[in-house]
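> This is the structure, below, for whatever I ask next.
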Amino acid sequence: MFQGWNALLASVWGCCLIGFTWGQLSDSPDVLRNWCLDSDYHKPQPGPEPQLFSECSPWKERSCCNATVSKLIHHNVKVWHGFQFRHCPPQVSSECLRFFRRDFCFYECSPNLGPWVEFEYARKSRQQRFRNVPLCASECEAWFHACKDDLTCVRNWGSEFDWIEGTNRCPENAKCQLIRDTYADAKDFCETVWDNDFKYTPDNEPCMVLSFDPSSGNPNDNVTEAAISRHMNSINSMLNRQRIMERSFSCRISPSIAVSRGIPKLVCDFSFREFDKMRQLKGKPKETPRQKKERKQDFSPENQHKALRVALPIFVGFWVLIGIFIYLNTRPKH
């Protein structure tokens with residue numbers, strides 16, 4: 001019986017933890033630090049790639065893409081994964097393309113995205129995507145500035161295009177206009193253009209960059225570590241509450257067994273208090289058998305008789321006073 005309660009409690013809290021971490025595909029810090037997306041072009045695990053090309057070269061020490069992919073990004077950037085940047089003529093500016101090359105290298109090569117990865121069901125080329133990765137505000141501003149005079153016909157490039165014969169096309173009746181007129185500002189651009197891949201984040205908070213000097217290390221590692229730390233602290237907090245509840249149940253079911261299992265009496269006393277606090281937060285506590293018995297005693301015939309002896313004179317006196325008041329106010333005046 002005692003072990004059954006603990007098993008049940010552990011199962012309930014396990015379900016809670018699963019729900020809490022649903023948006024994150026692993027709770028292992030080591031896995032989250034070295035995550036490659038599950039897609040057609042990503043490696044299973046990050047590793048050294050000394051021959052990475054141009055804008056992808058910052059990830060050469062630890063990369064999820066290989067040299068071939070990095071070259072394809074640069075040679076075929078105008079049509080990558082079937083996506084055409086020239087969906088509105090004329091040509092896309094070279095400065096804007098440079099930022100999108102960096103974006104593609106970040107997507108294909110970065111091993112730092114574990115805490116933000118989720119399942120992707122709608123694409124054949126990938127089974128995972130990242131969402132709301134904190135991108136530094138300065139990075140967003142520079143990207144938006146580089147592309148603001150280029151043209152587009154939709155706001156969300158990840159979901160609003162029509163796909164015909166394997167490539168993206170502007171929807172019928174869609175109007176091509178400048179990017180600076182399509183998006184309110186750099187924040188709107190960064191967060192919308194790729195369907196919430198990125199979250200515009202102040203530079204004084206942990207945030208990622210699309211490119212960096214590899215000789216100084218990968219600054220995005222620190223951002224991933226901060227996200228992992230926050231997540232693990234949340235998990236530990238929930239586990240601590242689980243332990244408190246387990247001790248409380250153990251103490252309530254059988255204090256002697258709890259003590260025999262190594263739970264000191266002081267811990268039991270503390271657990272009682274913590275459990276009561278948690279229970280009060282959830283509403284009125286369930287009535288115990290003793291409380292139920294006392295409540296029934298309050299309504300015993302003897303107590304009812306005592307109450308009647310007190311209440312009846314008061315009741316009669318009240319109506320007598322009402323009668324006198326009515327008589328005095330309605331009697332004929334001479």
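Just so we're on the same page: first chain in the structure tokens is A, next is B, and so on; residues restart at 1 for each chain, and ligands are numbered from 1 in the order they show up.
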Determine which residues of range 11-174 of chain A DSSP labels as strand (DSSP E or B) from the backbone of this structure, then write them out as a short mmCIF file (atom, residue, chain, number, x, y, z; two decimals) with N, CA, C and O atoms, in the first residue's frame.

```
data_model
loop_
_atom_site.label_atom_id
_atom_site.label_comp_id
_atom_site.auth_asym_id
_atom_site.auth_seq_id
_atom_site.Cartn_x
_atom_site.Cartn_y
_atom_site.Cartn_z
N TRP A 35 23.11 19.54 -30.62
CA TRP A 35 21.91 19.10 -31.32
C TRP A 35 21.99 19.46 -32.80
O TRP A 35 22.15 20.61 -33.16
N SER A 39 17.04 16.32 -40.43
CA SER A 39 16.61 16.77 -41.75
C SER A 39 17.52 16.16 -42.81
O SER A 39 18.49 15.46 -42.50
N GLY A 47 30.45 17.90 -35.41
CA GLY A 47 31.87 17.53 -35.36
C GLY A 47 32.69 18.50 -36.17
O GLY A 47 32.15 19.40 -36.84
N SER A 63 30.36 21.46 -36.14
CA SER A 63 29.34 21.80 -37.13
C SER A 63 28.37 20.65 -37.37
O SER A 63 28.73 19.48 -37.29
N VAL A 79 18.27 29.61 -54.96
CA VAL A 79 17.28 28.54 -54.95
C VAL A 79 17.81 27.46 -54.01
O VAL A 79 18.60 26.61 -54.41
N TRP A 80 17.39 27.49 -52.75
CA TRP A 80 17.86 26.53 -51.76
C TRP A 80 16.66 25.82 -51.16
O TRP A 80 15.72 26.45 -50.72
N PHE A 83 13.56 26.96 -52.61
CA PHE A 83 13.07 28.31 -52.30
C PHE A 83 13.79 29.35 -53.17
O PHE A 83 15.02 29.40 -53.19
N GLN A 84 13.01 30.17 -53.86
CA GLN A 84 13.56 31.23 -54.70
C GLN A 84 13.48 32.57 -53.98
O GLN A 84 12.39 33.02 -53.61
N ASN A 112 23.82 24.63 -31.68
CA ASN A 112 23.40 25.31 -30.44
C ASN A 112 21.90 25.43 -30.27
O ASN A 112 21.44 26.18 -29.41
N VAL A 117 14.27 23.31 -30.18
CA VAL A 117 13.86 22.40 -31.26
C VAL A 117 12.51 21.77 -30.93
O VAL A 117 12.22 21.43 -29.78
N GLU A 118 11.69 21.62 -31.95
CA GLU A 118 10.41 20.93 -31.80
C GLU A 118 10.15 20.11 -33.06
O GLU A 118 10.82 20.27 -34.08
N PHE A 119 9.17 19.23 -32.96
CA PHE A 119 8.83 18.40 -34.11
C PHE A 119 8.23 19.23 -35.24
O PHE A 119 7.53 20.22 -35.00
N ARG A 126 12.41 17.63 -43.59
CA ARG A 126 12.88 17.69 -42.21
C ARG A 126 11.78 17.23 -41.26
O ARG A 126 10.59 17.35 -41.56
N GLN A 128 12.22 18.13 -37.87
CA GLN A 128 12.36 19.04 -36.74
C GLN A 128 12.60 20.46 -37.24
O GLN A 128 13.05 20.66 -38.37
N ARG A 129 12.29 21.41 -36.39
CA ARG A 129 12.58 22.81 -36.65
C ARG A 129 12.91 23.48 -35.32
O ARG A 129 12.71 22.88 -34.25
N PHE A 130 13.42 24.69 -35.37
CA PHE A 130 13.59 25.45 -34.13
C PHE A 130 12.62 26.62 -34.15
O PHE A 130 12.20 27.10 -35.20
N VAL A 133 14.21 31.13 -31.28
CA VAL A 133 15.62 31.26 -30.89
C VAL A 133 15.92 32.73 -30.65
O VAL A 133 15.63 33.57 -31.51
N PRO A 134 16.50 33.09 -29.50
CA PRO A 134 16.76 34.51 -29.22
C PRO A 134 17.88 35.04 -30.12
O PRO A 134 19.03 34.65 -29.99
N LEU A 135 17.52 35.92 -31.03
CA LEU A 135 18.49 36.53 -31.94
C LEU A 135 18.73 37.97 -31.49
O LEU A 135 17.78 38.72 -31.23
N CYS A 136 20.00 38.34 -31.40
CA CYS A 136 20.35 39.67 -30.89
C CYS A 136 19.69 40.77 -31.72
O CYS A 136 19.64 40.71 -32.95
N LEU A 151 12.41 43.39 -52.55
CA LEU A 151 10.97 43.20 -52.71
C LEU A 151 10.51 41.83 -52.22
O LEU A 151 11.26 40.85 -52.30
N THR A 152 9.28 41.78 -51.75
CA THR A 152 8.64 40.51 -51.41
C THR A 152 7.14 40.67 -51.58
O THR A 152 6.63 41.79 -51.67
N ASP A 162 2.70 30.07 -52.36
CA ASP A 162 2.18 28.91 -53.09
C ASP A 162 3.38 28.12 -53.62
O ASP A 162 4.33 28.71 -54.14
N TRP A 163 3.33 26.81 -53.47
CA TRP A 163 4.42 25.97 -53.97
C TRP A 163 3.94 25.23 -55.21
O TRP A 163 3.01 24.44 -55.15
N ILE A 164 4.60 25.53 -56.33
CA ILE A 164 4.22 24.96 -57.63
C ILE A 164 5.46 24.34 -58.26
O ILE A 164 6.49 25.00 -58.41
N THR A 167 8.80 24.71 -56.20
CA THR A 167 9.39 26.01 -55.86
C THR A 167 8.30 26.97 -55.42
O THR A 167 7.12 26.78 -55.71
N ASN A 168 8.69 28.01 -54.70
CA ASN A 168 7.73 28.95 -54.15
C ASN A 168 7.34 30.01 -55.17
O ASN A 168 8.17 30.50 -55.94
N ARG A 169 6.07 30.36 -55.16
CA ARG A 169 5.54 31.42 -56.04
C ARG A 169 4.66 32.36 -55.22
O ARG A 169 4.04 31.95 -54.24
#
```
> Name the residues in contact with Pro171 in chain A at a cut-off of 9 Å, using only C-alpha atoms, excluding same-chain residues fewer than 3 positions from it; report them as a VMD selection string.
chain A and resid 153 to 154 160 to 162 174 to 175
> How many Å lie between CA of Ser93 in chain A and CA of Ala67 in chain A, rounded to one decimal?
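Spanning CA of Ser93 in chain A to CA of Ala67 in chain A is a straight-line distance of 25.2 Å.
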> Which neighbours of Asp221 in chain A fall inside 9 Å, counting only C-alpha atoms, when residues of the same chain fewer than 4 positions from it are skipped, and could you give them as a list in words?
Arg33, Pro111, Asn112, Met208, Gly217, Glu225 and Ala226 of chain A
> Which residue, A:Asn233, A:Leu321, A:Cys88, A:Arg155, has the smallest gap to Asp27 in chain A when you use only C-alpha atoms?
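Smallest separation from Asp27 in chain A among the options: A:Asn233.
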> What does the structure give for the distance between CA of Cys56 in chain A and CA of Ser26 in chain A, in Å to one decimal?
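Computing it gives 26.5 Å between the two atoms.
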> Write down as number ranges by chain the residues belonging to range 46-178 of chain A that are assigned helix (DSSP H, G or I) by DSSP computed on the backbone.
A: 54-59, 67-75, 94-109, 114-116, 137-147
> With distances taken over only C-alpha atoms, which residue among A:His42, A:Leu32, A:Asp213, A:Glu172 lies nearest Glu61 in chain A?
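Looking at the shortest contact to Glu61 in chain A, the residue is A:Asp213.
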> Record the distance separating CA of Glu49 in chain A and CA of Cys65 in chain A, expressed in Å with one decimal.
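So the two atoms, CA of Glu49 in chain A and CA of Cys65 in chain A, lie 7.9 Å apart.
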